[in-house]
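Single-structure report; data block below.
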Amino acid sequence: MKLIVLNLPRDFSENNLEELFKVHGNVTICSLVLDDKSGASKGFGFVEMELEEEAMVAIEKLHGSKVNQNKIRVKSAK
C-alpha cells in the first residue's frame, strides 16, 4: 500500500523516513520529493508498505504525530 507523508522536516532524509515507518511493518519503497534545483526536501514523501494491514497501523500511529517540531500527516496515496 502506498502512503503519502506530508509536513516532514526539511532536513529529513529517506533513511529517517524509512526508520519512522519500519517500526510498523515492512517498507518496500521510501522516497522523498526533492527540489530539482537545490536538491533539498520539499517536506513530503512516499512510503510503500508490503501489507495493507501494516500500512493502516502506520497511518493510525503516525498521522498527527510530531517529528521534530512538525506535526506530520500520513494517508493513503491511492
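Chains: A, B, ... in order of the C-alpha cells. Residues: from 1 per chain. Ligands: from 1, in order shown.
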
Contacts of A:Leu32 within 8 Å, only C-alpha atoms, excl. fewer than 5 positions in-chain, as a ChimeraX atom specification: /A:13-14,41-46

Close residues, A:Glu48 itself excluded, 8 Å, only C-alpha atoms, min 5 positions apart in chain, as a list in words: Met1, Lys2, Leu3, Val27, Thr28, Ile29 and Cys30 of chain A

Which of A:Ala55, A:Ile4, A:Val47, A:Ala77 sits closest to A:Leu17 [using only C-alpha atoms]: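 So, comparing all the options, the nearest one is A:Val47.
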
All residues 9 Å or closer to A:Leu62, only C-alpha atoms, same chain fewer than 3 positions away omitted, as an MDAnalysis selection string: chainID A and resid 20:21 57:59 65:66 72:74

Just-selected residues, N, CA and C atoms written as a compact mmCIF listing (two decimals), in the first residue's frame:
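Writing the result to again_18.txt gives the following:
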# COMPACT_ATOMS: atom_id res chain seq x y z
N LEU A 20 11.21 5.66 10.53
CA LEU A 20 9.95 6.05 11.14
C LEU A 20 8.85 5.01 10.86
N PHE A 21 8.85 4.46 9.66
CA PHE A 21 7.79 3.54 9.26
C PHE A 21 8.08 2.07 9.50
N VAL A 57 -1.96 0.45 10.21
CA VAL A 57 -1.44 0.68 11.56
C VAL A 57 -0.50 1.88 11.55
N ALA A 58 0.36 1.98 10.54
CA ALA A 58 1.28 3.12 10.43
C ALA A 58 0.50 4.43 10.34
N ILE A 59 -0.57 4.45 9.55
CA ILE A 59 -1.41 5.66 9.43
C ILE A 59 -1.97 6.02 10.80
N SER A 65 1.26 12.79 14.50
CA SER A 65 2.38 12.74 15.44
C SER A 65 3.40 13.83 15.11
N LYS A 66 4.25 14.12 16.06
CA LYS A 66 5.27 15.16 15.84
C LYS A 66 6.61 14.54 15.49
N ILE A 72 3.14 15.75 11.48
CA ILE A 72 3.05 15.14 10.15
C ILE A 72 1.65 14.59 9.87
N ARG A 73 1.38 14.47 8.58
CA ARG A 73 0.12 13.87 8.11
C ARG A 73 0.47 12.65 7.27
N VAL A 74 -0.23 11.56 7.53
CA VAL A 74 0.00 10.32 6.81
C VAL A 74 -1.34 9.81 6.31

Pairwise distance for atom CA of A:Glu52 and atom CA of A:Asn7, rounded to one decimal in Å: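 For atom CA of A:Glu52 relative to atom CA of A:Asn7, the distance reads 22.6 Å.
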
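With distances taken over only C-alpha atoms, A:Gln69 is the one residue among A:Gln69, A:Asp36, A:Lys78, A:Glu60 lying closest to A:Leu8.
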
Gap from atom CA of A:Glu50 to atom CA of A:Asp35 - Å, one decimal: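 Computed distance, atom CA of A:Glu50 to atom CA of A:Asp35, equals 27.6 Å.
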
Test item, helix (DSSP H, G or I) assignment across chain A, answer as a ChimeraX atom specification: /A:14-22,52-62

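Picture a line from atom CA of A:Met49 to atom CA of A:Leu6; it runs 16.5 Å.
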
All strand (DSSP E or B) positions in chain A, as a VMD selection string: chain A and resid 2 to 6 27 to 34 41 to 49 66 to 67 70 to 71 73 to 76

Nearest candidate to A:His63 (options A:Ser38, A:Val5, A:Val23, A:Glu18; using only C-alpha atoms): A:Val5

Long-range neighbours of A:Met56 as a ChimeraX atom specification, 9 Å cut-off, only C-alpha atoms, 5 positions minimum in chain: /A:1,51,61,75-76
